[in-house]
$ cat run22.tsv   # TSV, C-alpha atoms
chain	number	residue	atom	x	y	z
A	27	MET	CA	79.82	133.44	98.04
A	28	SER	CA	79.82	131.47	101.35
A	29	GLU	CA	83.09	130.35	102.88
A	30	PRO	CA	82.50	126.58	102.48
A	31	GLN	CA	81.67	127.15	98.82
A	32	GLU	CA	84.81	129.23	98.48
A	33	VAL	CA	86.89	126.39	99.91
A	34	GLN	CA	85.31	123.91	97.51
A	35	ASN	CA	85.93	126.21	94.56
A	36	LEU	CA	89.57	126.56	95.54
A	37	LEU	CA	89.92	122.81	95.85
A	38	ARG	CA	88.32	122.31	92.45
A	39	LEU	CA	91.09	124.42	90.91
A	40	LYS	CA	93.63	121.90	92.11
A	41	ARG	CA	92.44	119.39	89.53
A	42	TYR	CA	94.33	121.41	86.93
A	43	GLU	CA	97.65	120.82	88.66
A	44	GLN	CA	98.97	118.40	86.07
A	45	PRO	CA	102.37	117.92	84.52
A	46	SER	CA	102.87	118.48	80.80
A	47	GLU	CA	101.90	115.98	78.09
A	48	GLU	CA	105.57	115.06	77.63
A	49	TYR	CA	105.65	113.87	81.20
A	50	PHE	CA	102.96	111.28	80.47
A	51	ASP	CA	104.72	110.13	77.27
A	52	ASP	CA	107.92	109.66	79.25
A	53	PHE	CA	105.93	107.99	82.00
A	54	LEU	CA	104.78	105.23	79.66
A	55	GLU	CA	108.32	104.73	78.36
A	56	GLU	CA	109.62	104.44	81.90
A	57	PHE	CA	106.84	101.98	82.70
A	58	HIS	CA	108.00	99.78	79.84
A	59	ARG	CA	111.63	100.07	80.94
A	60	ARG	CA	110.74	99.07	84.52
A	61	GLN	CA	108.70	96.14	83.23
A	62	ARG	CA	111.69	94.90	81.24
A	63	GLU	CA	113.99	95.30	84.24
A	64	ASP	CA	111.57	93.34	86.43
A	65	LEU	CA	111.53	90.60	83.84
A	66	MET	CA	115.34	90.48	83.78
A	67	LYS	CA	115.45	90.28	87.55
A	68	THR	CA	113.39	87.11	87.52
A	69	SER	CA	115.88	84.57	88.69
A	70	ALA	CA	117.14	81.73	86.53
A	71	ARG	CA	115.87	79.33	89.16
A	72	SER	CA	112.29	80.50	88.94
A	73	LEU	CA	112.47	80.31	85.17
A	74	PHE	CA	113.80	76.77	85.41
A	75	VAL	CA	111.04	75.77	87.83
A	76	GLU	CA	108.45	77.37	85.58
A	77	ARG	CA	109.75	75.52	82.51
A	78	LEU	CA	109.88	72.27	84.41
A	79	THR	CA	106.29	72.76	85.55
A	80	VAL	CA	105.13	73.52	82.03
A	81	TRP	CA	107.00	70.52	80.62
A	82	PHE	CA	105.53	68.25	83.28
A	83	ARG	CA	102.03	69.60	82.70
A	84	GLU	CA	102.31	68.99	78.96
A	85	LEU	CA	103.33	65.37	79.40
A	86	GLY	CA	99.72	64.23	79.73
A	87	MET	CA	99.15	60.74	81.08
A	88	ALA	CA	102.83	59.88	80.73
A	89	LYS	CA	103.60	62.20	83.62
A	90	TRP	CA	102.20	59.66	86.08
A	91	ALA	CA	104.59	57.00	84.80
A	92	TYR	CA	107.50	59.47	84.96
A	93	GLY	CA	106.38	60.56	88.41
A	94	ALA	CA	106.15	56.98	89.70
A	95	GLY	CA	109.55	56.15	88.16
A	96	LEU	CA	111.15	59.20	89.75
A	97	ALA	CA	109.60	58.41	93.13
A	98	TYR	CA	110.85	54.79	92.91
A	99	ALA	CA	114.33	55.93	91.89
A	100	ALA	CA	114.44	58.42	94.79
A	101	LEU	CA	113.35	55.68	97.18
A	102	MET	CA	116.03	53.28	95.94
A	103	VAL	CA	118.76	55.91	96.10
A	104	GLY	CA	117.68	56.73	99.65
A	105	PHE	CA	117.67	53.04	100.56
A	106	VAL	CA	121.17	52.44	99.16
A	107	LEU	CA	122.74	55.56	100.57
A	108	TRP	CA	121.08	55.46	103.99
A	109	PRO	CA	123.74	54.63	106.64
A	110	LYS	CA	123.19	51.13	107.96
A	111	GLY	CA	123.22	50.52	111.72
A	112	SER	CA	126.18	48.31	112.75
A	113	HIS	CA	126.77	46.39	115.96
A	114	GLU	CA	130.50	46.44	115.38
A	115	PRO	CA	132.40	49.17	117.11
A	116	MET	CA	133.74	51.79	114.80
A	117	ALA	CA	137.43	52.30	115.02
A	118	ALA	CA	138.72	55.75	114.49
A	119	PRO	CA	140.61	55.95	111.20
A	120	GLY	CA	144.27	55.39	111.69
A	121	ALA	CA	143.84	54.36	115.31
A	122	THR	CA	145.96	51.35	116.19
A	123	SER	CA	146.30	49.69	119.52
A	124	LEU	CA	149.72	49.60	120.95
A	125	PRO	CA	151.10	46.37	122.45
A	126	GLY	CA	150.18	46.03	126.07
A	127	GLU	CA	147.45	48.64	125.77
A	128	ARG	CA	143.95	47.55	126.77
A	129	THR	CA	141.28	47.92	124.19
A	130	LEU	CA	137.58	48.27	124.83
A	131	GLU	CA	135.60	45.17	124.09
A	132	ALA	CA	132.60	45.27	121.88
A	133	VAL	CA	129.54	45.75	123.99
A	134	ASP	CA	126.32	43.99	123.15
A	135	PHE	CA	123.67	46.43	124.18
A	136	HIS	CA	120.96	43.79	123.81
A	137	LYS	CA	122.48	41.70	126.55
A	138	PRO	CA	121.78	43.04	130.01
A	139	ALA	CA	124.80	43.53	132.16
A	140	SER	CA	125.42	40.93	134.81
A	141	GLY	CA	123.31	41.54	137.89
A	142	ASP	CA	120.84	43.59	135.86
A	143	GLU	CA	119.38	40.37	134.48
A	144	GLU	CA	118.28	39.21	137.92
A	145	GLU	CA	116.91	42.62	138.69
A	146	LEU	CA	114.89	42.52	135.48
A	147	GLU	CA	113.52	39.11	136.32
A	148	ARG	CA	112.45	40.37	139.72
A	149	LYS	CA	110.72	43.35	138.15
A	150	GLU	CA	108.77	41.29	135.62
A	151	PHE	CA	105.10	40.83	136.57
B	26	MET	CA	90.88	84.08	83.21
B	27	PRO	CA	89.13	86.98	81.42
B	28	ALA	CA	86.75	89.30	83.21
B	29	ASP	CA	83.06	88.42	83.38
B	30	PRO	CA	80.79	90.16	80.83
B	31	PRO	CA	80.46	93.78	81.87
B	32	SER	CA	77.29	95.55	82.79
B	33	ASN	CA	78.54	99.07	82.20
B	34	ASP	CA	82.33	98.99	82.12
B	35	PRO	CA	83.60	101.12	79.25
B	36	ASP	CA	87.03	99.49	79.61
B	37	TYR	CA	85.79	95.91	79.28
B	38	GLU	CA	87.27	95.28	75.84
B	39	LEU	CA	90.63	96.83	76.68
B	40	VAL	CA	90.80	94.84	79.91
B	41	GLN	CA	89.94	91.61	78.12
B	42	ARG	CA	92.61	92.22	75.48
B	43	ALA	CA	95.15	93.05	78.18
B	44	GLN	CA	94.21	89.88	80.05
B	45	ASP	CA	94.81	87.96	76.82
B	46	GLY	CA	98.36	89.28	76.87
B	47	GLU	CA	98.06	92.24	74.50
B	48	THR	CA	100.47	94.74	76.03
B	49	ARG	CA	99.24	97.58	73.82
B	50	ALA	CA	95.81	97.29	75.40
B	51	PHE	CA	97.33	97.74	78.84
B	52	ASP	CA	99.30	100.73	77.50
B	53	GLU	CA	96.00	102.31	76.50
B	54	LEU	CA	94.70	101.82	80.01
B	55	VAL	CA	97.86	103.44	81.39
B	56	ILE	CA	97.43	106.40	79.07
B	57	LYS	CA	93.75	106.70	79.94
B	58	TYR	CA	94.18	106.62	83.71
B	59	SER	CA	97.62	108.07	84.39
B	60	LYS	CA	96.36	111.67	84.48
B	61	LYS	CA	93.46	110.93	86.80
B	62	LEU	CA	95.58	108.81	89.10
B	63	TYR	CA	98.35	111.41	89.06
B	64	GLY	CA	95.84	113.94	90.44
B	65	LEU	CA	94.74	111.53	93.14
B	66	VAL	CA	98.25	110.55	94.26
B	67	TYR	CA	99.74	114.02	93.96
B	68	ASN	CA	97.05	115.70	96.01
B	69	MET	CA	97.46	113.07	98.70
B	70	THR	CA	101.27	113.03	98.85
B	71	ALA	CA	101.95	116.66	97.82
B	72	ASN	CA	105.29	115.56	96.44
B	73	LYS	CA	106.14	115.09	92.77
B	74	GLU	CA	108.90	112.50	93.13
B	75	ASP	CA	106.81	110.37	95.46
B	76	THR	CA	103.86	110.68	93.08
B	77	HIS	CA	105.95	109.55	90.13
B	78	ASP	CA	107.35	106.48	91.88
B	79	LEU	CA	104.01	105.54	93.41
B	80	LEU	CA	102.23	105.85	90.09
B	81	GLN	CA	104.76	103.52	88.45
B	82	ASP	CA	104.26	101.02	91.27
B	83	ILE	CA	100.47	101.30	91.01
B	84	PHE	CA	100.44	100.43	87.31
B	85	ALA	CA	102.98	97.65	87.82
B	86	LYS	CA	100.78	96.17	90.52
B	87	ALA	CA	97.68	96.52	88.35
B	88	TYR	CA	99.49	94.78	85.50
B	89	ARG	CA	100.52	91.87	87.73
B	90	SER	CA	97.05	91.58	89.27
B	91	LEU	CA	95.06	91.99	86.08
B	92	ARG	CA	94.52	88.24	85.68
B	93	HIS	CA	92.70	88.25	89.04
B	94	PHE	CA	90.32	91.01	87.92
B	95	ARG	CA	86.92	89.38	87.48
B	96	GLY	CA	84.92	92.42	86.45
B	97	LYS	CA	82.82	92.58	89.60
B	98	SER	CA	83.44	96.32	89.61
B	99	THR	CA	84.46	98.57	86.76
B	100	PHE	CA	88.17	98.68	85.92
B	101	TYR	CA	88.09	102.35	86.92
B	102	THR	CA	86.93	101.53	90.47
B	103	TRP	CA	89.38	98.64	90.68
B	104	ILE	CA	92.46	100.64	89.71
B	105	TYR	CA	91.37	103.56	91.88
B	106	SER	CA	91.14	101.16	94.84
B	107	ILE	CA	94.67	99.91	94.17
B	108	ALA	CA	95.93	103.49	93.90
B	109	THR	CA	94.17	104.63	97.07
B	110	ASN	CA	95.32	101.66	99.15
B	111	MET	CA	98.91	101.94	97.95
B	112	THR	CA	98.98	105.69	98.57
B	113	LEU	CA	97.49	105.35	102.06
B	114	ASN	CA	100.07	102.65	102.90
B	115	PHE	CA	102.84	104.82	101.52
B	116	LEU	CA	101.71	107.81	103.60
B	117	LYS	CA	101.65	105.70	106.77
B	118	LYS	CA	105.19	104.49	106.07
B	119	ARG	CA	106.37	108.01	105.26
B	120	LYS	CA	104.90	109.30	108.49
B	121	ARG	CA	106.67	106.58	110.49
B	122	ARG	CA	109.95	107.08	108.64
B	123	SER	CA	110.27	110.78	109.35
B	124	GLY	CA	108.04	113.63	110.25
B	125	MET	CA	107.91	115.22	106.82
B	126	SER	CA	108.11	118.98	106.98
B	127	LEU	CA	105.62	121.07	105.07
B	128	ASP	CA	108.63	122.68	103.41
B	129	ASP	CA	109.28	119.37	101.65
B	130	LEU	CA	105.89	119.51	100.02
B	131	ASP	CA	105.29	121.15	96.68
B	132	SER	CA	103.00	124.07	96.29
B	133	GLY	CA	102.08	123.18	92.75
B	134	ILE	CA	98.99	125.32	92.84
B	135	MET	CA	101.37	128.24	92.28
B	136	ASN	CA	101.49	127.30	88.62
B	137	ASP	CA	97.79	126.85	88.31
B	138	PRO	CA	96.78	128.86	85.24
B	139	LEU	CA	93.28	129.46	86.59
B	140	LEU	CA	94.39	130.74	89.93
B	141	VAL	CA	97.34	132.77	88.77
B	142	ASP	CA	95.66	135.39	86.67
B	143	GLN	CA	98.22	136.50	84.11
B	144	GLY	CA	96.63	139.95	83.91
B	145	HIS	CA	97.54	140.61	87.52
B	146	GLU	CA	101.08	139.30	87.45
B	147	ALA	CA	102.36	142.82	87.74
B	148	ASN	CA	100.35	143.42	90.91
B	149	PRO	CA	102.70	142.34	93.70
B	150	ARG	CA	100.06	142.61	96.42
B	151	ARG	CA	97.67	140.32	94.61
B	152	GLN	CA	100.44	137.87	93.81
B	153	SER	CA	101.46	137.81	97.43
B	154	ASN	CA	97.86	137.11	98.48
B	155	ILE	CA	97.55	134.29	95.97
B	156	HIS	CA	100.76	132.71	97.15
B	157	GLU	CA	99.65	132.94	100.73
B	158	LEU	CA	96.30	131.36	99.88
B	159	GLN	CA	98.04	128.55	97.99
B	160	LYS	CA	100.31	127.89	100.92
B	161	LYS	CA	97.46	127.96	103.41
B	162	LEU	CA	95.33	125.63	101.31
B	163	ASN	CA	98.13	123.10	100.90
B	164	GLU	CA	98.93	123.28	104.59
B	165	ALA	CA	95.27	122.79	105.44
B	166	LEU	CA	95.05	119.77	103.15
B	167	GLN	CA	98.17	118.21	104.61
B	168	ALA	CA	96.87	118.80	108.13
B	169	LEU	CA	93.90	116.50	107.40
B	170	SER	CA	94.17	112.83	108.23
B	171	GLU	CA	94.99	110.56	105.26
B	172	ASP	CA	91.44	109.17	105.16
B	173	HIS	CA	89.89	112.64	105.14
B	174	ARG	CA	92.36	113.88	102.55
B	175	ALA	CA	91.45	110.93	100.35
B	176	VAL	CA	87.74	111.80	100.28
B	177	VAL	CA	88.42	115.52	99.75
B	178	THR	CA	90.76	114.67	96.88
B	179	MET	CA	88.28	112.37	95.21
B	180	PHE	CA	85.16	114.45	95.78
B	181	ASP	CA	86.24	118.10	95.69
B	182	ILE	CA	89.29	117.93	93.48
B	183	GLN	CA	88.49	115.05	91.15
B	184	GLY	CA	84.71	115.37	91.17
B	185	LEU	CA	83.87	111.70	91.86
B	186	PRO	CA	80.35	111.00	93.15
B	187	HIS	CA	79.79	109.74	96.69
B	188	ALA	CA	78.76	106.27	95.49
B	189	GLU	CA	81.97	105.84	93.49
B	190	ILE	CA	84.14	106.95	96.43
B	191	SER	CA	82.27	104.56	98.70
B	192	ALA	CA	82.98	101.66	96.29
B	193	ILE	CA	86.65	102.61	95.97
B	194	LEU	CA	87.25	102.92	99.70
B	195	GLY	CA	84.98	100.04	100.67
B	196	VAL	CA	83.03	102.16	103.17
B	197	SER	CA	79.39	103.25	103.23
B	198	GLU	CA	78.20	106.40	101.51
B	199	GLY	CA	77.26	107.75	104.94
B	200	THR	CA	80.89	107.41	106.04
B	201	VAL	CA	82.03	109.23	102.91
B	202	ARG	CA	79.61	112.08	103.60
B	203	SER	CA	80.55	112.38	107.25
B	204	ARG	CA	84.28	112.37	106.41
B	205	LEU	CA	83.66	115.09	103.84
B	206	TYR	CA	81.68	117.19	106.30
B	207	TYR	CA	84.39	116.90	108.94
B	208	ALA	CA	87.16	117.63	106.42
B	209	HIS	CA	85.38	120.76	105.14
B	210	GLN	CA	85.00	122.02	108.70
B	211	GLN	CA	88.71	121.47	109.29
B	212	LEU	CA	89.72	123.21	106.07
B	213	GLN	CA	87.47	126.15	106.78
B	214	GLY	CA	88.91	126.50	110.26
B	215	HIS	CA	92.41	126.45	108.86
B	216	LEU	CA	91.65	129.15	106.32
B	217	GLU	CA	89.57	131.33	108.64
B	218	ASP	CA	92.34	133.83	109.30
B	219	PHE	CA	92.81	134.27	105.60
B	220	TRP	CA	89.10	134.99	104.94
B	221	ARG	CA	89.12	137.68	107.61
B	222	LYS	CA	91.83	139.67	105.83

$ encode --input "run22.tsv" --output "structure tokens"
Amino acid sequence: MSEPQEVQNLLRLKRYEQPSEEYFDDFLEEFHRRQREDLMKTSARSLFVERLTVWFRELGMAKWAYGAGLAYAALMVGFVLWPKGSHEPMAAPGATSLPGERTLEAVDFHKPASGDEEELERKEF
Amino acid sequence: MPADPPSNDPDYELVQRAQDGETRAFDELVIKYSKKLYGLVYNMTANKEDTHDLLQDIFAKAYRSLRHFRGKSTFYTWIYSIATNMTLNFLKKRKRRSGMSLDDLDSGIMNDPLLVDQGHEANPRRQSNIHELQKKLNEALQALSEDHRAVVTMFDIQGLPHAEISAILGVSEGTVRSRLYYAHQQLQGHLEDFWRK
């Protein structure tokens, strides 16, 4: 028998290197156990999102009304809670001016400072 | 979505039932392919613990991906591709992690009933020769690159045809043949000293 053939015959014998039948029975049981563990590991959040998605999908045409309502509500909440810009200076809480102490005057940023006005006029084309 | 109608897939019905959520059908696929895939993974990793864990991961991945299986290949080719890719990735990671010593590898062939002739168990010289041959063969296999070991495992050990290996690995049949030729040369070279004895 030639050497290459001998090598191939030896390799062919390796196909019989198999564990016992019990191993494969246990293997399936372990597969089931791992599947269950994986399922348990699925976070509550992903389950919640999944349920929410399913619920939303099953709503049919009503989901558009719900969706529009939710979007409107979110917009209104944002509008109400959004901090409004104020021209009044904000006093630090609890800060009081002592008698004789100079306080900063409110500055109108829209009004150019004196001198700047003339400069602006000169710069205008 | 279930697989497209099969042309010649013997597992079509089982796959379709498994895709419909019947876990028993997937169990049948596990039972059917665990032995074959064990041979593939074990001969590539040469380590029983690694084989066990990898095989569990392979079936878990197949289970998760089953809904994407469209039946463009047979289920057999599909699951073999998953197993081969996962094993090759694992071997690359293992190589990076630590240079695994050959002592860490099993020499399972020692228990091979066909190689270990019970009638000659009492002959210490013969036993010693067999053990040496087993060791040399395993060393030679592990000395091959992962890609070459994969084709040797599938062709020589598992008896898959060239066309099937080419479909599993996603390479041409010519590449499969040339890898096999090169691998055989390497193995022969490794075992040369042994033949001379």

$ closest_residue --input "run22.tsv" --among "B:Asp218, B:Asp52, B:Glu198, B:Asp45" --to "chain A" --atoms "all atoms listed in the file"
B:Asp52

$ atom_distance --input "run22.tsv" --atom1 "atom CA of B:Phe94" --atom2 "atom CA of B:Lys57"
17.9 Å

$ residues_around --input "run22.tsv" --residues "A:Leu54" --least-positions-apart "3" --cutoff "8 Å" --atoms "only C-alpha atoms" --output "VMD selection string"
(chain A and resid 50 to 51 57 to 58) or (chain B and resid 52 55 to 56)

$ closest_atom_pairs --input "run22.tsv" --of "chain A" --to "chain B" --cutoff "10 Å" --atoms "all atoms listed in the file" --output "JSON lines"
{"residue": "A:Glu29", "atom": "CA", "partner": "B:Gln213", "partner_atom": "CA", "distance": 7.2}
{"residue": "A:Pro30", "atom": "CA", "partner": "B:Gln213", "partner_atom": "CA", "distance": 6.6}
{"residue": "A:Gln31", "atom": "CA", "partner": "B:His209", "partner_atom": "CA", "distance": 9.7}
{"residue": "A:Glu32", "atom": "CA", "partner": "B:Gln213", "partner_atom": "CA", "distance": 9.2}
{"residue": "A:Val33", "atom": "CA", "partner": "B:Gln213", "partner_atom": "CA", "distance": 6.9}
{"residue": "A:Gln34", "atom": "CA", "partner": "B:Asp181", "partner_atom": "CA", "distance": 6.2}
{"residue": "A:Asn35", "atom": "CA", "partner": "B:Asp181", "partner_atom": "CA", "distance": 8.2}
{"residue": "A:Leu36", "atom": "CA", "partner": "B:Leu162", "partner_atom": "CA", "distance": 8.2}
{"residue": "A:Leu37", "atom": "CA", "partner": "B:Ile182", "partner_atom": "CA", "distance": 5.5}
{"residue": "A:Arg38", "atom": "CA", "partner": "B:Ile182", "partner_atom": "CA", "distance": 4.6}
{"residue": "A:Leu39", "atom": "CA", "partner": "B:Leu139", "partner_atom": "CA", "distance": 7.0}
{"residue": "A:Lys40", "atom": "CA", "partner": "B:Ile182", "partner_atom": "CA", "distance": 6.0}
{"residue": "A:Arg41", "atom": "CA", "partner": "B:Ile182", "partner_atom": "CA", "distance": 5.3}
{"residue": "A:Tyr42", "atom": "CA", "partner": "B:Asp137", "partner_atom": "CA", "distance": 6.6}
{"residue": "A:Glu43", "atom": "CA", "partner": "B:Asp137", "partner_atom": "CA", "distance": 6.0}
{"residue": "A:Gln44", "atom": "CA", "partner": "B:Gly64", "partner_atom": "CA", "distance": 7.0}
{"residue": "A:Pro45", "atom": "CA", "partner": "B:Lys60", "partner_atom": "CA", "distance": 8.7}
{"residue": "A:Glu47", "atom": "CA", "partner": "B:Lys60", "partner_atom": "CA", "distance": 9.5}
{"residue": "A:Tyr49", "atom": "CA", "partner": "B:His77", "partner_atom": "CA", "distance": 9.9}
{"residue": "A:Phe50", "atom": "CA", "partner": "B:Ser59", "partner_atom": "CA", "distance": 7.4}
{"residue": "A:Asp51", "atom": "CA", "partner": "B:Ile56", "partner_atom": "CA", "distance": 8.4}
{"residue": "A:Phe53", "atom": "CA", "partner": "B:Gln81", "partner_atom": "CA", "distance": 7.9}
{"residue": "A:Leu54", "atom": "CA", "partner": "B:Val55", "partner_atom": "CA", "distance": 7.4}
{"residue": "A:Glu55", "atom": "CA", "partner": "B:Asp52", "partner_atom": "CA", "distance": 9.9}
{"residue": "A:Glu56", "atom": "CA", "partner": "B:Gln81", "partner_atom": "CA", "distance": 8.2}
{"residue": "A:Phe57", "atom": "CA", "partner": "B:Gln81", "partner_atom": "CA", "distance": 6.3}
{"residue": "A:His58", "atom": "CA", "partner": "B:Asp52", "partner_atom": "CA", "distance": 9.1}
{"residue": "A:Arg60", "atom": "CA", "partner": "B:Gln81", "partner_atom": "CA", "distance": 8.4}
{"residue": "A:Gln61", "atom": "CA", "partner": "B:Ala85", "partner_atom": "CA", "distance": 7.5}
{"residue": "A:Asp64", "atom": "CA", "partner": "B:Ala85", "partner_atom": "CA", "distance": 9.7}

$ atom_distance --input "run22.tsv" --atom1 "atom CA of B:Glu47" --atom2 "atom CA of B:Asp34"
18.7 Å

$ atom_distance --input "run22.tsv" --atom1 "atom CA of B:Ala208" --atom2 "atom CA of B:Glu171"
10.6 Å

$ closest_residue --input "run22.tsv" --among "B:Val201, B:Leu54, B:Ile155, B:Ile190" --to "B:Phe219" --atoms "all atoms listed in the file"
B:Ile155

$ axis_aligned_box --input "run22.tsv" --around "stretch 94-103 of chain A" --padding-each-side "4 Å" --output "AutoDock Vina command-line options"
--center_x 112.5 --center_y 56.2 --center_z 92.7 --size_x 20.6 --size_y 13.9 --size_z 17.0
